[in-house]
file query02.pdb (PDB, C-alpha atoms)
ATOM      1  CA  MET A 137       7.963 -35.490-112.865
ATOM      2  CA  SER A 138       9.469 -32.027-113.176
ATOM      3  CA  GLU A 139       9.701 -30.138-116.454
ATOM      4  CA  GLN A 140      13.481 -30.509-116.400
ATOM      5  CA  GLU A 141      13.245 -34.286-115.969
ATOM      6  CA  LEU A 142      10.661 -34.465-118.748
ATOM      7  CA  ARG A 143      12.924 -32.552-121.139
ATOM      8  CA  LYS A 144      15.824 -34.801-120.204
ATOM      9  CA  LEU A 145      13.698 -37.873-120.887
ATOM     10  CA  MET A 146      12.575 -36.498-124.251
ATOM     11  CA  ASP A 147      16.141 -35.628-125.223
ATOM     12  CA  GLN A 148      17.181 -39.170-124.353
ATOM     13  CA  HIS A 149      14.312 -40.526-126.441
ATOM     14  CA  PHE A 150      15.355 -38.497-129.488
ATOM     15  CA  GLN A 151      18.984 -39.567-129.030
ATOM     16  CA  ASP A 152      17.884 -43.193-128.915
ATOM     17  CA  GLN A 153      15.814 -42.701-132.053
ATOM     18  CA  GLU A 154      18.816 -41.145-133.770
ATOM     19  CA  LYS A 155      20.953 -44.143-132.811
ATOM     20  CA  ILE A 156      18.295 -46.502-134.160
ATOM     21  CA  GLU A 157      18.193 -44.601-137.462
ATOM     22  CA  LYS A 158      21.991 -44.707-137.713
ATOM     23  CA  SER A 159      21.930 -48.429-136.985
ATOM     24  CA  LYS A 160      19.338 -48.996-139.709
ATOM     25  CA  LYS A 161      21.418 -46.959-142.129
ATOM     26  CA  LEU A 162      24.565 -48.977-141.349
ATOM     27  CA  GLN A 163      22.637 -52.213-141.706
ATOM     28  CA  LYS A 164      21.311 -51.096-145.089
ATOM     29  CA  GLU A 165      24.824 -50.152-146.225
ATOM     30  CA  LEU A 166      26.098 -53.555-145.097
ATOM     31  CA  GLU A 167      23.339 -55.327-147.017
ATOM     32  CA  GLN A 168      24.218 -53.306-150.119
ATOM     33  CA  LYS A 169      27.893 -54.253-149.783
ATOM     34  CA  LEU A 170      27.033 -57.919-149.306
ATOM     35  CA  GLN A 171      24.825 -57.766-152.364
ATOM     36  CA  LYS A 172      27.574 -56.068-154.363
ATOM     37  CA  TYR A 173      30.419 -58.405-153.426
ATOM     38  CA  SER A 174      28.525 -61.692-153.183
ATOM     39  CA  PRO A 175      28.098 -63.817-156.297
ATOM     40  CA  LYS A 176      24.680 -63.970-157.913
ATOM     41  CA  ILE A 177      23.159 -67.096-156.401
ATOM     42  CA  GLU A 178      19.653 -68.437-156.822
ATOM     43  CA  GLY A 179      18.256 -70.079-153.713
ATOM     44  CA  SER A 180      19.667 -70.245-150.201
ATOM     45  CA  ILE A 181      23.382 -69.726-149.630
ATOM     46  CA  TYR A 182      23.115 -72.435-146.957
ATOM     47  CA  GLU A 183      22.491 -75.086-149.602
ATOM     48  CA  LEU A 184      25.735 -76.918-150.418
ATOM     49  CA  PRO A 185      25.914 -76.070-154.168
ATOM     50  CA  ASN A 186      25.339 -72.373-153.424
ATOM     51  CA  ALA A 187      27.774 -72.381-150.501
ATOM     52  CA  LYS A 188      30.417 -73.836-152.837
ATOM     53  CA  LYS A 189      29.761 -71.089-155.394
ATOM     54  CA  TYR A 190      30.092 -68.449-152.690
ATOM     55  CA  VAL A 191      33.409 -69.828-151.387
ATOM     56  CA  LYS A 192      34.824 -70.165-154.903
ATOM     57  CA  GLU A 193      33.915 -66.558-155.660
ATOM     58  CA  GLN A 194      35.621 -65.349-152.476
ATOM     59  CA  ILE A 195      38.818 -67.146-153.491
ATOM     60  CA  ARG A 196      38.628 -65.631-156.972
ATOM     61  CA  LYS A 197      38.309 -62.133-155.529
ATOM     62  CA  PHE A 198      40.704 -62.299-152.606
ATOM     63  CA  ASP A 199      43.250 -65.050-153.396
ATOM     64  CA  TRP A 200      44.098 -65.010-157.078
ATOM     65  CA  ASN A 201      47.136 -67.247-156.534
ATOM     66  CA  SER A 202      45.024 -70.062-155.065
ATOM     67  CA  TYR A 203      42.378 -69.557-157.736
ATOM     68  CA  VAL A 204      44.940 -70.120-160.502
ATOM     69  CA  VAL A 205      46.542 -73.066-158.695
ATOM     70  CA  SER A 206      43.123 -74.739-158.364
ATOM     71  CA  ASN A 207      43.185 -75.478-162.105
ATOM     72  CA  TYR A 208      45.956 -78.006-161.460
ATOM     73  CA  TYR A 209      43.896 -80.000-158.978
ATOM     74  CA  PRO A 210      41.532 -82.744-160.161
ATOM     75  CA  SER A 211      38.109 -81.216-160.803
ATOM     76  CA  LYS A 212      36.468 -83.334-158.083
ATOM     77  CA  LEU A 213      38.863 -81.837-155.490
ATOM     78  CA  ARG A 214      38.591 -78.160-156.431
ATOM     79  CA  ASP A 215      35.664 -77.283-154.190
ATOM     80  CA  ALA A 216      37.525 -78.845-151.253
ATOM     81  CA  PHE A 217      40.662 -76.906-152.229
ATOM     82  CA  PHE A 218      38.672 -73.652-152.246
ATOM     83  CA  ALA A 219      37.144 -74.436-148.841
ATOM     84  CA  ILE A 220      40.510 -75.144-147.194
ATOM     85  CA  ASN A 221      42.100 -71.991-148.582
ATOM     86  CA  PHE A 222      39.146 -69.777-147.704
ATOM     87  CA  TYR A 223      39.259 -71.201-144.177
ATOM     88  CA  ASN A 224      42.851 -69.966-143.917
ATOM     89  CA  ILE A 225      41.831 -66.523-145.207
ATOM     90  CA  GLU A 226      38.988 -66.274-142.693
ATOM     91  CA  LEU A 227      41.332 -67.096-139.813
ATOM     92  CA  MET A 228      43.936 -64.616-141.070
ATOM     93  CA  ARG A 229      41.370 -61.810-141.179
ATOM     94  CA  ILE A 230      40.369 -62.193-137.528
ATOM     95  CA  PRO A 231      43.490 -60.716-135.849
ATOM     96  CA  GLU A 232      43.820 -58.207-138.697
ATOM     97  CA  ASN A 233      40.300 -56.797-138.469
ATOM     98  CA  THR A 234      39.723 -57.023-134.711
ATOM     99  CA  LYS A 235      41.434 -54.809-132.142
ATOM    100  CA  GLU A 236      40.274 -56.282-128.845
ATOM    101  CA  HIS A 237      42.207 -59.376-127.779
ATOM    102  CA  SER A 238      39.124 -60.899-126.142
ATOM    103  CA  LEU A 239      37.117 -60.497-129.364
ATOM    104  CA  ILE A 240      39.898 -62.119-131.397
ATOM    105  CA  MET A 241      39.924 -65.100-129.053
ATOM    106  CA  GLY A 242      36.127 -65.275-129.115
ATOM    107  CA  LYS A 243      36.040 -65.419-132.914
ATOM    108  CA  LEU A 244      38.788 -68.038-133.012
ATOM    109  CA  ASP A 245      36.930 -70.067-130.387
ATOM    110  CA  PHE A 246      33.880 -69.854-132.663
ATOM    111  CA  TRP A 247      35.859 -71.502-135.450
ATOM    112  CA  GLU A 248      37.241 -74.133-133.104
ATOM    113  CA  GLU A 249      33.696 -75.006-132.081
ATOM    114  CA  SER A 250      32.704 -74.988-135.751
ATOM    115  CA  ILE A 251      35.440 -77.540-136.554
ATOM    116  CA  ASN A 252      34.308 -79.717-133.648
ATOM    117  CA  GLN A 253      30.732 -79.569-134.950
ATOM    118  CA  ILE A 254      31.901 -80.443-138.465
ATOM    119  CA  PHE A 255      33.543 -83.655-137.260
ATOM    120  CA  GLN A 256      30.350 -84.509-135.363
ATOM    121  CA  ASN A 257      28.389 -84.142-138.631
ATOM    122  CA  LYS A 258      26.602 -81.098-137.216
ATOM    123  CA  PRO A 259      28.037 -78.178-139.226
ATOM    124  CA  LEU A 260      26.941 -74.667-138.332
ATOM    125  CA  GLN A 261      24.599 -73.006-140.819
ATOM    126  CA  GLU A 262      27.293 -70.859-142.374
ATOM    127  CA  PRO A 263      28.622 -71.222-145.968
ATOM    128  CA  LEU A 264      32.245 -72.021-145.142
ATOM    129  CA  SER A 265      31.313 -74.478-142.376
ATOM    130  CA  ILE A 266      28.959 -76.243-144.782
ATOM    131  CA  CYS A 267      31.732 -76.516-147.399
ATOM    132  CA  LEU A 268      34.314 -77.666-144.857
ATOM    133  CA  HIS A 269      31.916 -80.339-143.633
ATOM    134  CA  ASP A 270      31.548 -81.633-147.187
ATOM    135  CA  THR A 271      35.344 -81.487-147.618
ATOM    136  CA  CYS A 272      36.095 -83.409-144.420
ATOM    137  CA  LYS A 273      33.347 -85.951-145.075
ATOM    138  CA  ASN A 274      34.717 -86.871-148.503
ATOM    139  CA  ASN A 275      38.466 -86.445-147.983
ATOM    140  CA  PRO A 276      41.042 -87.649-145.411
ATOM    141  CA  ILE A 277      41.434 -84.209-143.804
ATOM    142  CA  SER A 278      43.022 -84.011-140.350
ATOM    143  CA  LYS A 279      40.999 -82.279-137.649
ATOM    144  CA  GLY A 280      44.243 -81.682-135.752
ATOM    145  CA  ILE A 281      45.723 -79.607-138.572
ATOM    146  CA  LEU A 282      42.562 -77.522-138.909
ATOM    147  CA  ILE A 283      42.778 -76.793-135.167
ATOM    148  CA  ASN A 284      46.522 -76.054-135.472
ATOM    149  CA  LEU A 285      45.697 -73.242-137.902
ATOM    150  CA  ILE A 286      43.428 -71.715-135.250
ATOM    151  CA  ASN A 287      46.131 -72.114-132.590
ATOM    152  CA  ALA A 288      48.611 -70.317-134.855
ATOM    153  CA  ARG A 289      46.298 -67.279-134.995
ATOM    154  CA  LYS A 290      45.859 -67.426-131.227
ATOM    155  CA  TYR A 291      49.640 -67.403-130.889
ATOM    156  CA  GLU A 292      49.760 -64.384-133.201
ATOM    157  CA  ALA A 293      47.163 -62.571-131.081
ATOM    158  CA  ASP A 294      49.005 -63.429-127.842
ATOM    159  CA  ASN A 295      52.306 -62.206-129.290
ATOM    160  CA  PRO A 296      51.691 -58.823-130.967
ATOM    161  CA  ARG A 297      55.456 -58.326-131.082
ATOM    162  CA  ILE A 298      57.726 -60.893-132.729
ATOM    163  CA  MET A 299      61.147 -60.863-131.112
ATOM    164  CA  ASP A 300      63.348 -62.459-133.795
ATOM    165  CA  ILE A 301      63.291 -64.042-137.244
ATOM    166  CA  GLY A 302      63.151 -67.523-135.725
ATOM    167  CA  GLN A 303      59.853 -66.746-134.018
ATOM    168  CA  LEU A 304      58.425 -65.321-137.259
ATOM    169  CA  ALA A 305      59.592 -68.413-139.162
ATOM    170  CA  PHE A 306      57.957 -70.665-136.559
ATOM    171  CA  LEU A 307      54.630 -68.853-136.920
ATOM    172  CA  ALA A 308      54.911 -68.891-140.726
ATOM    173  CA  GLU A 309      55.395 -72.661-140.671
ATOM    174  CA  GLN A 310      52.487 -73.199-138.293
ATOM    175  CA  VAL A 311      50.200 -71.681-140.910
ATOM    176  CA  ARG A 312      51.631 -72.336-144.346
ATOM    177  CA  THR A 313      53.347 -75.688-143.781
ATOM    178  CA  ASN A 314      50.130 -77.004-142.271
ATOM    179  CA  MET A 315      48.263 -75.707-145.326
ATOM    180  CA  ILE A 316      50.622 -77.728-147.542
ATOM    181  CA  PHE A 317      49.982 -80.803-145.393
ATOM    182  CA  LEU A 318      46.225 -80.308-145.854
ATOM    183  CA  ASN A 319      46.689 -80.120-149.607
ATOM    184  CA  LEU A 320      48.798 -83.285-149.582
ATOM    185  CA  GLN A 321      46.009 -84.999-147.661
ATOM    186  CA  LEU A 322      43.532 -83.736-150.228
ATOM    187  CA  LEU A 323      45.686 -85.293-152.971
ATOM    188  CA  ARG A 324      45.853 -88.603-151.027
ATOM    189  CA  ILE A 325      49.642 -88.340-150.651
ATOM    190  CA  ASP A 326      51.080 -89.857-147.474
ATOM    191  CA  TYR A 327      53.811 -87.560-146.182
ATOM    192  CA  LYS A 328      54.205 -88.712-142.571
ATOM    193  CA  ASP A 329      57.014 -91.205-143.281
ATOM    194  CA  ASN A 330      58.603 -89.171-146.067
ATOM    195  CA  GLN A 331      61.196 -86.941-144.404
ATOM    196  CA  GLN A 332      62.189 -85.227-147.652
ATOM    197  CA  LEU A 333      58.590 -84.283-148.350
ATOM    198  CA  ILE A 334      58.166 -82.938-144.811
ATOM    199  CA  GLU A 335      61.357 -80.860-145.076
ATOM    200  CA  CYS A 336      60.258 -79.528-148.458
ATOM    201  CA  ALA A 337      56.890 -78.514-146.985
ATOM    202  CA  GLN A 338      58.650 -76.801-144.080
ATOM    203  CA  SER A 339      60.977 -74.825-146.373
ATOM    204  CA  VAL A 340      58.234 -73.721-148.760
ATOM    205  CA  GLY A 341      55.766 -73.054-145.944
ATOM    206  CA  ARG A 342      58.306 -70.940-144.081
ATOM    207  CA  CYS A 343      58.842 -68.784-147.172
ATOM    208  CA  LEU A 344      55.136 -68.432-148.000
ATOM    209  CA  GLY A 345      54.249 -67.519-144.424
ATOM    210  CA  ILE A 346      56.981 -64.901-144.082
ATOM    211  CA  LEU A 347      55.970 -63.330-147.394
ATOM    212  CA  ASP A 348      52.378 -63.188-146.135
ATOM    213  CA  TYR A 349      53.550 -60.943-143.296
ATOM    214  CA  ILE A 350      55.612 -58.772-145.651
ATOM    215  CA  LYS A 351      52.647 -58.342-148.008
ATOM    216  CA  ARG A 352      50.416 -57.305-145.100
ATOM    217  CA  ILE A 353      52.750 -54.490-143.967
ATOM    218  CA  PRO A 354      50.849 -51.668-145.794
ATOM    219  CA  TYR A 355      47.539 -52.870-144.374
ATOM    220  CA  ASN A 356      48.864 -53.385-140.839
ATOM    221  CA  LEU A 357      50.592 -50.001-140.751
ATOM    222  CA  ARG A 358      47.242 -48.297-141.259
ATOM    223  CA  LYS A 359      46.374 -49.808-137.877
ATOM    224  CA  TYR A 360      49.752 -48.825-136.390
ATOM    225  CA  ARG A 361      51.058 -52.383-136.429
ATOM    226  CA  LEU A 362      54.375 -53.630-137.781
ATOM    227  CA  TYR A 363      54.586 -57.397-137.496
ATOM    228  CA  MET A 364      58.317 -57.688-138.204
ATOM    229  CA  PRO A 365      61.005 -59.096-135.863
ATOM    230  CA  GLU A 366      61.889 -56.587-133.133
ATOM    231  CA  GLU A 367      65.532 -57.641-133.301
ATOM    232  CA  ILE A 368      65.728 -56.547-136.948
ATOM    233  CA  ASN A 369      63.596 -53.436-136.330
ATOM    234  CA  ARG A 370      65.998 -52.261-133.618
ATOM    235  CA  LYS A 371      68.986 -53.003-135.819
ATOM    236  CA  HIS A 372      67.632 -50.560-138.425
ATOM    237  CA  ASN A 373      66.082 -48.125-135.910
ATOM    238  CA  VAL A 374      62.539 -48.806-137.087
ATOM    239  CA  SER A 375      59.332 -48.494-135.104
ATOM    240  CA  VAL A 376      55.762 -47.549-135.965
ATOM    241  CA  ARG A 377      56.223 -44.186-134.222
ATOM    242  CA  ASN A 378      59.283 -43.053-136.179
ATOM    243  CA  LEU A 379      58.535 -44.821-139.439
ATOM    244  CA  TRP A 380      57.245 -41.952-141.546
ATOM    245  CA  ASP A 381      59.282 -39.191-143.128
ATOM    246  CA  ARG A 382      57.017 -36.238-142.321
ATOM    247  CA  ILE A 383      58.668 -33.977-144.877
ATOM    248  CA  ASN A 384      58.348 -36.323-147.857
ATOM    249  CA  GLY A 385      55.225 -38.048-146.551
ATOM    250  CA  LYS A 386      56.497 -41.584-147.129
ATOM    251  CA  PRO A 387      58.094 -44.368-145.081
ATOM    252  CA  LYS A 388      61.754 -44.039-144.233
ATOM    253  CA  ASP A 389      64.228 -46.184-146.130
ATOM    254  CA  GLN A 390      65.089 -48.066-142.938
ATOM    255  CA  LEU A 391      61.794 -49.961-143.267
ATOM    256  CA  PHE A 392      62.915 -51.259-146.650
ATOM    257  CA  ASP A 393      66.157 -52.462-145.026
ATOM    258  CA  VAL A 394      64.051 -54.477-142.574
ATOM    259  CA  ILE A 395      62.018 -55.932-145.437
ATOM    260  CA  LEU A 396      65.209 -56.779-147.340
ATOM    261  CA  GLU A 397      66.601 -58.750-144.405
ATOM    262  CA  VAL A 398      63.363 -60.628-143.752
ATOM    263  CA  ALA A 399      62.813 -61.296-147.475
ATOM    264  CA  ALA A 400      66.369 -62.638-147.781
ATOM    265  CA  TYR A 401      65.543 -65.201-145.101
ATOM    266  CA  ALA A 402      62.374 -66.174-146.977
ATOM    267  CA  LYS A 403      64.309 -66.502-150.244
ATOM    268  CA  GLN A 404      66.880 -68.758-148.621
ATOM    269  CA  SER A 405      64.084 -70.995-147.355
ATOM    270  CA  LEU A 406      62.605 -71.201-150.851
ATOM    271  CA  ASP A 407      66.018 -71.909-152.382
ATOM    272  CA  ASP A 408      66.500 -74.734-149.876
ATOM    273  CA  SER A 409      63.384 -76.430-151.245
ATOM    274  CA  LYS A 410      64.715 -76.641-154.813
ATOM    275  CA  LYS A 411      66.799 -79.710-154.040
ATOM    276  CA  TYR A 412      63.637 -81.662-153.229
ATOM    277  CA  GLN A 413      61.397 -80.891-156.166
ATOM    278  CA  LYS A 414      62.746 -83.550-158.547
ATOM    279  CA  ASP A 415      62.311 -86.308-155.954
ATOM    280  CA  LEU A 416      58.748 -85.572-154.864
ATOM    281  CA  PRO A 417      56.127 -88.327-155.050
ATOM    282  CA  PRO A 418      53.991 -88.229-158.219
ATOM    283  CA  GLN A 419      51.406 -85.424-158.135
ATOM    284  CA  ALA A 420      52.845 -83.917-154.928
ATOM    285  CA  PHE A 421      54.072 -80.876-156.867
ATOM    286  CA  ARG A 422      50.465 -79.644-156.972
ATOM    287  CA  ALA A 423      50.508 -78.970-153.213
ATOM    288  CA  PHE A 424      53.509 -76.656-153.678
ATOM    289  CA  LEU A 425      52.415 -74.627-156.712
ATOM    290  CA  GLN A 426      51.752 -71.499-154.649
ATOM    291  CA  ALA A 427      55.534 -71.205-154.447
ATOM    292  CA  VAL A 428      55.552 -70.031-158.085
ATOM    293  CA  GLU A 429      53.983 -66.707-157.090
ATOM    294  CA  ALA A 430      56.337 -66.439-154.090
ATOM    295  CA  GLN A 431      59.395 -66.859-156.293
ATOM    296  CA  GLN A 432      58.188 -64.126-158.662
ATOM    297  CA  PHE A 433      57.190 -61.847-155.786
ATOM    298  CA  LEU A 434      60.733 -61.992-154.372
ATOM    299  CA  ILE A 435      62.137 -61.046-157.782
ATOM    300  CA  ASP A 436      59.690 -58.144-158.144
ATOM    301  CA  LEU A 437      60.337 -56.984-154.573
ATOM    302  CA  GLU A 438      64.054 -56.726-155.262
ATOM    303  CA  LYS A 439      63.385 -54.757-158.461
ATOM    304  CA  VAL A 440      61.551 -52.057-156.464
ATOM    305  CA  ASN A 441      64.294 -51.970-153.800
ATOM    306  CA  PHE A 442      62.039 -53.709-151.261
ATOM    307  CA  ASN A 443      59.521 -50.883-151.305
ATOM    308  CA  ILE A 444      56.411 -52.853-150.388
ATOM    309  CA  PHE A 445      54.292 -49.774-151.209
ATOM    310  CA  ASP A 446      55.403 -49.665-154.865
ATOM    311  CA  SER A 447      52.417 -50.077-157.184
ATOM    312  CA  ALA A 448      54.575 -52.024-159.649
ATOM    313  CA  LEU A 449      54.594 -55.005-157.289
ATOM    314  CA  ASN A 450      52.497 -57.790-158.810
ATOM    315  CA  SER A 451      50.949 -55.275-161.211
ATOM    316  CA  ASN A 452      50.842 -57.911-163.952
ATOM    317  CA  SER A 453      50.179 -60.955-161.762
ATOM    318  CA  TYR A 454      46.699 -61.474-163.201
ATOM    319  CA  ILE A 455      48.274 -61.901-166.619
ATOM    320  CA  LYS A 456      51.662 -63.452-165.823
ATOM    321  CA  LEU A 457      50.833 -65.834-162.993
ATOM    322  CA  PRO A 458      48.675 -68.341-164.946
ATOM    323  CA  TYR A 459      51.392 -68.610-167.607
ATOM    324  CA  GLN A 460      54.184 -68.988-165.030
ATOM    325  CA  ILE A 461      52.353 -71.713-163.119
ATOM    326  CA  PHE A 462      51.563 -73.539-166.377
ATOM    327  CA  ASN A 463      55.241 -73.579-167.405
ATOM    328  CA  VAL A 464      56.312 -75.041-164.068
ATOM    329  CA  ALA A 465      53.413 -77.471-163.628
ATOM    330  CA  LYS A 466      53.864 -79.088-167.047
ATOM    331  CA  LYS A 467      57.267 -80.298-165.777
ATOM    332  CA  GLN A 468      55.605 -81.539-162.569
ATOM    333  CA  GLN A 469      57.701 -79.111-160.538
ATOM    334  CA  PHE A 470      56.867 -76.069-158.403
ATOM    335  CA  LEU A 471      59.829 -73.733-158.960
ATOM    336  CA  LYS A 472      61.581 -72.528-162.053
ATOM    337  CA  TYR A 473      65.345 -72.775-162.217
ATOM    338  CA  ASP A 474      67.407 -69.626-162.677
TER     339      ASP A 474
END

call {"tool": "encode", "arguments": {"input": "query02.pdb", "output": "structure tokens"}}
result
Amino acid sequence: MSEQELRKLMDQHFQDQEKIEKSKKLQKELEQKLQKYSPKIEGSIYELPNAKKYVKEQIRKFDWNSYVVSNYYPSKLRDAFFAINFYNIELMRIPENTKEHSLIMGKLDFWEESINQIFQNKPLQEPLSICLHDTCKNNPISKGILINLINARKYEADNPRIMDIGQLAFLAEQVRTNMIFLNLQLLRIDYKDNQQLIECAQSVGRCLGILDYIKRIPYNLRKYRLYMPEEINRKHNVSVRNLWDRINGKPKDQLFDVILEVAAYAKQSLDDSKKYQKDLPPQAFRAFLQAVEAQQFLIDLEKVNFNIFDSALNSNSYIKLPYQIFNVAKKQQFLKYD
């Protein structure tokens, strides 16, 4: 071996060592973050009681609306409620946090296999899978709906551009209406032959799903994504490339016009559901209580002229939301009247 080849080999060795050290450092940082953001649990997180604590804590941190709503479910159903809602969050994060289409599909396929294993009584050793297995074992939860939620995220990944408001509404329903159906199943409420209940779930689900996409605009724009209908974007001359006012360093007002139009559609869907709320089966209102936050969010969004970046949006939700949901729930309804 020549001296030049030896030096090259040594350089490669040191580079490899440097990569290993960086990898160890990243792993240590990840462990520190997991330790920081995970609840304090004694014993293995793969034991059912600890897995339930973990899932509940994730909902408390990342889905305050669901956490508050959980108080209006019977105590024996709350862990199942947390598991179902955290499952939706996990699926939502996949296309958001993953760039490569093949990786998105791989992660979604993982969850599809996990659901299959759950219904074979062979849950994967992972906290959410363990909780979902317990949920499905003790409640009449539909495997088909759990798979539909995965298919909705696959559709989202396959269609990075939404062409019109109808397509966005369809995707919103595939996620949020199915979530309402799961909650109705959890409450032992038969909705399949109740057309009014189905239409109510579709109207509320459509609104909740569309608002999910509006709320995610600031996050998605950091990744140069704008998941709003292309038809409306073109109407207001909006695209990711020309979105920012370089002089003022903020988004152009045309984006807020897009949000206004999409939010108006969501509001109409929510308004359509009001006619059903007095005729719902007993206890069914609980499955729709997340609409309380949606109704307030639309009011707050209008107050800030549809500026989704305004810090005033939901600034008091931690204080106001529990009180608002209480006032509506005590009447066994899910929306307040104007």

call {"tool": "resolve_selection", "arguments": {"input": "query02.pdb", "expression": "the PyMOL selection byres ((chain A and resi 457) around 10)", "output": "PDB file with C-alpha atoms, in the frame of the given file"}}
result
ATOM      1  CA  TRP A 200      44.098 -65.010-157.078  1.00  0.00           C
ATOM      2  CA  ASN A 201      47.136 -67.247-156.534  1.00  0.00           C
ATOM      3  CA  VAL A 204      44.940 -70.120-160.502  1.00  0.00           C
ATOM      4  CA  VAL A 205      46.542 -73.066-158.695  1.00  0.00           C
ATOM      5  CA  VAL A 428      55.552 -70.031-158.085  1.00  0.00           C
ATOM      6  CA  GLU A 429      53.983 -66.707-157.090  1.00  0.00           C
ATOM      7  CA  GLN A 432      58.188 -64.126-158.662  1.00  0.00           C
ATOM      8  CA  ASN A 450      52.497 -57.790-158.810  1.00  0.00           C
ATOM      9  CA  ASN A 452      50.842 -57.911-163.952  1.00  0.00           C
ATOM     10  CA  SER A 453      50.179 -60.955-161.762  1.00  0.00           C
ATOM     11  CA  TYR A 454      46.699 -61.474-163.201  1.00  0.00           C
ATOM     12  CA  ILE A 455      48.274 -61.901-166.619  1.00  0.00           C
ATOM     13  CA  LYS A 456      51.662 -63.452-165.823  1.00  0.00           C
ATOM     14  CA  PRO A 458      48.675 -68.341-164.946  1.00  0.00           C
ATOM     15  CA  TYR A 459      51.392 -68.610-167.607  1.00  0.00           C
ATOM     16  CA  GLN A 460      54.184 -68.988-165.030  1.00  0.00           C
ATOM     17  CA  ILE A 461      52.353 -71.713-163.119  1.00  0.00           C
ATOM     18  CA  PHE A 462      51.563 -73.539-166.377  1.00  0.00           C
ATOM     19  CA  ASN A 463      55.241 -73.579-167.405  1.00  0.00           C
TER      20      ASN A 463
END

call {"tool": "closest_residue", "arguments": {"input": "query02.pdb", "among": "A:Met241, A:Val398, A:Leu379, A:Leu318", "to": "A:Asp300", "atoms": "all atoms listed in the file"}}
result
A:Val398

call {"tool": "residues_around", "arguments": {"input": "query02.pdb", "residues": "stretch 407-414 of chain A", "least_positions_apart": "6", "cutoff": "10 Å", "atoms": "all atoms listed in the file", "output": "ChimeraX atom specification"}}
result
/A:332-333,335-341,343,401,420-421,424,427,431,467-473

call {"tool": "resolve_selection", "arguments": {"input": "query02.pdb", "expression": "the PyMOL selection byres ((chain A and resi 399) around 12)", "output": "ChimeraX atom specification"}}
result
/A:301,304-305,342-351,364-365,368,392-398,400-406,430-431,433-438,441-444

call {"tool": "residues_near_point", "arguments": {"input": "query02.pdb", "point": "(41.9, -70.3, -139.0)", "cutoff": "8 Å", "atoms": "all atoms listed in the file", "output": "VMD selection string"}}
result
chain A and resid 223 to 228 244 247 282 to 283 285 to 289

call {"tool": "atom_distance", "arguments": {"input": "query02.pdb", "atom1": "atom CA of A:Lys279", "atom2": "atom CA of A:Tyr182"}}
result
22.4 Å

call {"tool": "closest_residue", "arguments": {"input": "query02.pdb", "among": "A:Leu264, A:Ala308, A:Leu449, A:Ile254", "to": "A:Ile195", "atoms": "only C-alpha atoms"}}
result
A:Leu264

call {"tool": "atom_distance", "arguments": {"input": "query02.pdb", "atom1": "atom CA of A:Glu232", "atom2": "atom CA of A:Leu425"}}
result
25.8 Å

call {"tool": "atom_distance", "arguments": {"input": "query02.pdb", "atom1": "atom CA of A:Gln194", "atom2": "atom CA of A:Pro210"}}
result
19.9 Å

call {"tool": "resolve_selection", "arguments": {"input": "query02.pdb", "expression": "the PyMOL selection byres ((chain A and resi 324) around 10)", "output": "list in words"}}
result
Asn275, Pro276, Ile277, Leu318, Asn319, Leu320, Gln321, Leu322, Leu323, Ile325, Asp326, Tyr327, Gln419 and Ala420 of chain A

call {"tool": "closest_residue", "arguments": {"input": "query02.pdb", "among": "A:Tyr203, A:Tyr209, A:Trp380, A:Phe218", "to": "A:Lys189", "atoms": "all atoms listed in the file"}}
result
A:Phe218

call {"tool": "closest_residue", "arguments": {"input": "query02.pdb", "among": "A:Ile240, A:Leu184, A:Ile316, A:Ile334", "to": "A:Leu416", "atoms": "all atoms listed in the file"}}
result
A:Ile334

call {"tool": "closest_residue", "arguments": {"input": "query02.pdb", "among": "A:Gln426, A:Thr234, A:Thr271, A:Ser180", "to": "A:Ala465", "atoms": "all atoms listed in the file"}}
result
A:Gln426

call {"tool": "axis_aligned_box", "arguments": {"input": "query02.pdb", "around": "stretch 229-241 of chain A", "padding_each_side": "8 Å", "output": "AutoDock Vina command-line options"}}
result
--center_x 40.5 --center_y -60.0 --center_z -133.7 --size_x 22.7 --size_y 26.3 --size_z 31.0

call {"tool": "decode", "arguments": {"input": "query02.pdb", "residues": "stretch 185-191 of chain A", "atoms": "N, CA and C atoms", "output": "PDB file, in the first residue's frame"}}
result
ATOM      1  N   PRO A 185     -50.791   0.007  31.858  1.00  0.00           N
ATOM      2  CA  PRO A 185     -51.056   1.213  32.661  1.00  0.00           C
ATOM      3  C   PRO A 185     -50.103   2.359  32.319  1.00  0.00           C
ATOM      4  N   ASN A 186     -48.832   2.040  32.087  1.00  0.00           N
ATOM      5  CA  ASN A 186     -47.853   3.073  31.748  1.00  0.00           C
ATOM      6  C   ASN A 186     -48.062   3.597  30.336  1.00  0.00           C
ATOM      7  N   ALA A 187     -48.430   2.719  29.418  1.00  0.00           N
ATOM      8  CA  ALA A 187     -48.719   3.147  28.044  1.00  0.00           C
ATOM      9  C   ALA A 187     -49.901   4.111  28.038  1.00  0.00           C
ATOM     10  N   LYS A 188     -50.906   3.834  28.864  1.00  0.00           N
ATOM     11  CA  LYS A 188     -52.070   4.724  28.961  1.00  0.00           C
ATOM     12  C   LYS A 188     -51.667   6.095  29.497  1.00  0.00           C
ATOM     13  N   LYS A 189     -50.794   6.102  30.508  1.00  0.00           N
ATOM     14  CA  LYS A 189     -50.319   7.377  31.060  1.00  0.00           C
ATOM     15  C   LYS A 189     -49.572   8.177  30.004  1.00  0.00           C
ATOM     16  N   TYR A 190     -48.749   7.489  29.233  1.00  0.00           N
ATOM     17  CA  TYR A 190     -47.973   8.152  28.181  1.00  0.00           C
ATOM     18  C   TYR A 190     -48.897   8.782  27.147  1.00  0.00           C
ATOM     19  N   VAL A 191     -49.884   8.025  26.666  1.00  0.00           N
ATOM     20  CA  VAL A 191     -50.799   8.526  25.638  1.00  0.00           C
ATOM     21  C   VAL A 191     -51.613   9.702  26.170  1.00  0.00           C
TER      22      VAL A 191
END
